[in-house]
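For reference, the structure discussed in these notes is given below.
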Amino acid sequence: GMENVELKIDGMTCSGCVNSIQNALYRQDGVNKAVADIDNSSVTVEFDPAVIKRDGLVQAIADAGFDVLN
């Protein structure tokens with residue numbers, strides 16, 4: 001089944017950042033939903049752990065130019 005994780009993001013300051021993070025996650029196989037929250041500086045990701053691991057989510061965010069804090 002699907003799992004949800006909330007990741008705190010460093011440097012998410014504008015709607016462009018939100019779009020970059022969400023788009024980076026949606027490009028990953030196994031990601032069902034990605035909702036970035038600029039007020040919380042976080043992104044909630046619904047994903048299939050059989051397809052992608054948390055490390056893969058963190059790497060996708062890093063590749064988009066943002067650091068995960070937790």
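Letters A, B, ... mark the chains of the structure tokens in the order given; residue numbers begin at 1 per chain; ligand numbers begin at 1, in order shown.
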
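All residues of protein, DNA or RNA that reach within 9 Å of Gly65 in chain A, judged by only C-alpha atoms and not counting those fewer than 3 positions away in the chain, are A:Gly11, A:Ser20, A:Ile21, A:Ala60, A:Ile61, A:Ala62.
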
- Within 7 Å of Leu25 in chain A, counting only C-alpha atoms, which residues qualify if same-chain residues fewer than 3 places away don't, as a list in words?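 Contacts, with the query itself left out: Ile21, Gln22, Gln28, Val31, Ala34, Leu57 and Ala60 of chain A.
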
- Task: Could you give me, as number ranges by chain, each residue of range 4-43 of chain A that DSSP assigns to strand (DSSP E) when run on this structure's backbone?
- Result: A: 4-10, 31-37, 42-43

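Among the candidate residues A:Ser42, A:Ala50, A:Arg27, A:Asn32, the one lying nearest to Ile9 in chain A is A:Ser42, with distances computed using only C-alpha atoms.
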
- Query: What residues in range 16-64 of chain A get the DSSP label alpha helix (DSSP H)? Please answer as a PyMOL selection string.
  - Reply: chain A and resi 16-26+54-63

Would you mind exporting the chosen residues as a PDB file, in the first residue's frame, restricted to N, CA, C and O atoms?
ATOM      1  N   GLY A  16       7.372  29.281  -7.002  1.00  0.00           N
ATOM      2  CA  GLY A  16       8.253  28.591  -7.944  1.00  0.00           C
ATOM      3  C   GLY A  16       8.967  27.422  -7.290  1.00  0.00           C
ATOM      4  O   GLY A  16       9.139  26.368  -7.901  1.00  0.00           O
ATOM      5  N   CYS A  17       9.372  27.640  -6.024  1.00  0.00           N
ATOM      6  CA  CYS A  17      10.012  26.558  -5.266  1.00  0.00           C
ATOM      7  C   CYS A  17       9.044  25.392  -5.078  1.00  0.00           C
ATOM      8  O   CYS A  17       9.404  24.227  -5.245  1.00  0.00           O
ATOM      9  N   VAL A  18       7.814  25.729  -4.710  1.00  0.00           N
ATOM     10  CA  VAL A  18       6.768  24.717  -4.525  1.00  0.00           C
ATOM     11  C   VAL A  18       6.613  23.895  -5.798  1.00  0.00           C
ATOM     12  O   VAL A  18       6.608  22.664  -5.769  1.00  0.00           O
ATOM     13  N   ASN A  19       6.519  24.583  -6.945  1.00  0.00           N
ATOM     14  CA  ASN A  19       6.344  23.890  -8.218  1.00  0.00           C
ATOM     15  C   ASN A  19       7.545  23.013  -8.544  1.00  0.00           C
ATOM     16  O   ASN A  19       7.379  21.884  -9.012  1.00  0.00           O
ATOM     17  N   SER A  20       8.747  23.531  -8.305  1.00  0.00           N
ATOM     18  CA  SER A  20       9.963  22.761  -8.589  1.00  0.00           C
ATOM     19  C   SER A  20       9.993  21.469  -7.785  1.00  0.00           C
ATOM     20  O   SER A  20      10.308  20.397  -8.314  1.00  0.00           O
ATOM     21  N   ILE A  21       9.659  21.571  -6.499  1.00  0.00           N
ATOM     22  CA  ILE A  21       9.689  20.401  -5.618  1.00  0.00           C
ATOM     23  C   ILE A  21       8.608  19.398  -6.014  1.00  0.00           C
ATOM     24  O   ILE A  21       8.880  18.203  -6.135  1.00  0.00           O
ATOM     25  N   GLN A  22       7.400  19.890  -6.222  1.00  0.00           N
ATOM     26  CA  GLN A  22       6.311  18.984  -6.603  1.00  0.00           C
ATOM     27  C   GLN A  22       6.610  18.303  -7.931  1.00  0.00           C
ATOM     28  O   GLN A  22       6.428  17.086  -8.071  1.00  0.00           O
ATOM     29  N   ASN A  23       7.095  19.067  -8.908  1.00  0.00           N
ATOM     30  CA  ASN A  23       7.398  18.492 -10.223  1.00  0.00           C
ATOM     31  C   ASN A  23       8.506  17.456 -10.133  1.00  0.00           C
ATOM     32  O   ASN A  23       8.437  16.400 -10.777  1.00  0.00           O
ATOM     33  N   ALA A  24       9.533  17.735  -9.333  1.00  0.00           N
ATOM     34  CA  ALA A  24      10.644  16.788  -9.169  1.00  0.00           C
ATOM     35  C   ALA A  24      10.133  15.473  -8.592  1.00  0.00           C
ATOM     36  O   ALA A  24      10.570  14.387  -9.005  1.00  0.00           O
ATOM     37  N   LEU A  25       9.212  15.565  -7.640  1.00  0.00           N
ATOM     38  CA  LEU A  25       8.671  14.355  -7.017  1.00  0.00           C
ATOM     39  C   LEU A  25       7.739  13.606  -7.963  1.00  0.00           C
ATOM     40  O   LEU A  25       7.800  12.384  -8.059  1.00  0.00           O
ATOM     41  N   TYR A  26       6.896  14.341  -8.685  1.00  0.00           N
ATOM     42  CA  TYR A  26       5.963  13.685  -9.609  1.00  0.00           C
ATOM     43  C   TYR A  26       6.687  12.956 -10.739  1.00  0.00           C
ATOM     44  O   TYR A  26       6.131  12.029 -11.320  1.00  0.00           O
ATOM     45  N   ARG A  54      12.255   6.431   0.790  1.00  0.00           N
ATOM     46  CA  ARG A  54      12.394   7.797   1.291  1.00  0.00           C
ATOM     47  C   ARG A  54      13.666   8.450   0.737  1.00  0.00           C
ATOM     48  O   ARG A  54      13.657   9.627   0.370  1.00  0.00           O
ATOM     49  N   ASP A  55      14.759   7.677   0.671  1.00  0.00           N
ATOM     50  CA  ASP A  55      16.022   8.215   0.140  1.00  0.00           C
ATOM     51  C   ASP A  55      15.851   8.725  -1.285  1.00  0.00           C
ATOM     52  O   ASP A  55      16.490   9.705  -1.678  1.00  0.00           O
ATOM     53  N   GLY A  56      15.027   8.053  -2.048  1.00  0.00           N
ATOM     54  CA  GLY A  56      14.775   8.475  -3.420  1.00  0.00           C
ATOM     55  C   GLY A  56      14.020   9.784  -3.483  1.00  0.00           C
ATOM     56  O   GLY A  56      14.264  10.618  -4.363  1.00  0.00           O
ATOM     57  N   LEU A  57      13.088   9.965  -2.553  1.00  0.00           N
ATOM     58  CA  LEU A  57      12.348  11.228  -2.470  1.00  0.00           C
ATOM     59  C   LEU A  57      13.297  12.369  -2.107  1.00  0.00           C
ATOM     60  O   LEU A  57      13.267  13.439  -2.714  1.00  0.00           O
ATOM     61  N   VAL A  58      14.149  12.113  -1.100  1.00  0.00           N
ATOM     62  CA  VAL A  58      15.115  13.114  -0.650  1.00  0.00           C
ATOM     63  C   VAL A  58      16.056  13.478  -1.796  1.00  0.00           C
ATOM     64  O   VAL A  58      16.370  14.656  -2.014  1.00  0.00           O
ATOM     65  N   GLN A  59      16.493  12.476  -2.557  1.00  0.00           N
ATOM     66  CA  GLN A  59      17.409  12.725  -3.679  1.00  0.00           C
ATOM     67  C   GLN A  59      16.732  13.559  -4.764  1.00  0.00           C
ATOM     68  O   GLN A  59      17.350  14.469  -5.323  1.00  0.00           O
ATOM     69  N   ALA A  60      15.474  13.274  -5.053  1.00  0.00           N
ATOM     70  CA  ALA A  60      14.747  14.048  -6.068  1.00  0.00           C
ATOM     71  C   ALA A  60      14.646  15.510  -5.653  1.00  0.00           C
ATOM     72  O   ALA A  60      14.811  16.418  -6.479  1.00  0.00           O
ATOM     73  N   ILE A  61      14.391  15.746  -4.367  1.00  0.00           N
ATOM     74  CA  ILE A  61      14.308  17.104  -3.845  1.00  0.00           C
ATOM     75  C   ILE A  61      15.680  17.777  -3.910  1.00  0.00           C
ATOM     76  O   ILE A  61      15.806  18.941  -4.300  1.00  0.00           O
ATOM     77  N   ALA A  62      16.729  17.026  -3.560  1.00  0.00           N
ATOM     78  CA  ALA A  62      18.090  17.553  -3.635  1.00  0.00           C
ATOM     79  C   ALA A  62      18.455  17.909  -5.076  1.00  0.00           C
ATOM     80  O   ALA A  62      19.075  18.947  -5.330  1.00  0.00           O
ATOM     81  N   ASP A  63      18.052  17.060  -6.012  1.00  0.00           N
ATOM     82  CA  ASP A  63      18.351  17.317  -7.421  1.00  0.00           C
ATOM     83  C   ASP A  63      17.644  18.589  -7.902  1.00  0.00           C
ATOM     84  O   ASP A  63      18.109  19.234  -8.839  1.00  0.00           O
TER      85      ASP A  63
END

- Task: Counting only C-alpha atoms, figure out which residue out of A:Val51, A:Val35, A:Ala64, A:Val45 gets nearest to Glu6 in chain A.
- Result: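 So, comparing all the options, the nearest one is A:Val45.
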
- Message: Can you tell me which residues surround Leu7 in chain A at a distance of at most 7 Å, considering only C-alpha atoms, apart from same-chain residues fewer than 2 positions away, and format the answer as a PyMOL selection string?
- Response: chain A and resi 5+9+42-44+68+70

Produce a file of the selected residues containing N, CA, C and O atoms, as a PDB file, in the first residue's frame.
ATOM      1  N   VAL A   5       4.726  10.530   3.888  1.00  0.00           N
ATOM      2  CA  VAL A   5       5.823  11.088   4.675  1.00  0.00           C
ATOM      3  C   VAL A   5       5.786  12.599   4.521  1.00  0.00           C
ATOM      4  O   VAL A   5       5.459  13.116   3.446  1.00  0.00           O
ATOM      5  N   ILE A   9      11.612  21.101   4.311  1.00  0.00           N
ATOM      6  CA  ILE A   9      12.470  21.567   3.223  1.00  0.00           C
ATOM      7  C   ILE A   9      13.133  22.879   3.612  1.00  0.00           C
ATOM      8  O   ILE A   9      12.469  23.795   4.101  1.00  0.00           O
ATOM      9  N   SER A  42       7.384  22.511   4.072  1.00  0.00           N
ATOM     10  CA  SER A  42       7.379  21.055   4.049  1.00  0.00           C
ATOM     11  C   SER A  42       6.663  20.553   2.797  1.00  0.00           C
ATOM     12  O   SER A  42       5.956  21.307   2.122  1.00  0.00           O
ATOM     13  N   VAL A  43       6.883  19.291   2.519  1.00  0.00           N
ATOM     14  CA  VAL A  43       6.149  18.626   1.446  1.00  0.00           C
ATOM     15  C   VAL A  43       5.662  17.286   1.984  1.00  0.00           C
ATOM     16  O   VAL A  43       6.397  16.574   2.661  1.00  0.00           O
ATOM     17  N   THR A  44       4.397  17.008   1.719  1.00  0.00           N
ATOM     18  CA  THR A  44       3.821  15.721   2.086  1.00  0.00           C
ATOM     19  C   THR A  44       3.744  14.879   0.820  1.00  0.00           C
ATOM     20  O   THR A  44       3.200  15.329  -0.195  1.00  0.00           O
ATOM     21  N   VAL A  68      16.554  18.575   2.397  1.00  0.00           N
ATOM     22  CA  VAL A  68      15.581  18.031   3.334  1.00  0.00           C
ATOM     23  C   VAL A  68      16.187  18.076   4.727  1.00  0.00           C
ATOM     24  O   VAL A  68      17.333  17.668   4.926  1.00  0.00           O
ATOM     25  N   ASN A  70      14.803  16.792   7.726  1.00  0.00           N
ATOM     26  CA  ASN A  70      14.487  15.755   8.715  1.00  0.00           C
ATOM     27  C   ASN A  70      14.650  14.355   8.134  1.00  0.00           C
ATOM     28  O   ASN A  70      14.682  14.178   6.939  1.00  0.00           O
TER      29      ASN A  70
END

- Please indicate the distance in Å from CA of Lys33 in chain A to CA of Glu46 in chain A, rounded to one decimal place.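 CA of Glu46 in chain A lies 4.9 Å from CA of Lys33 in chain A.
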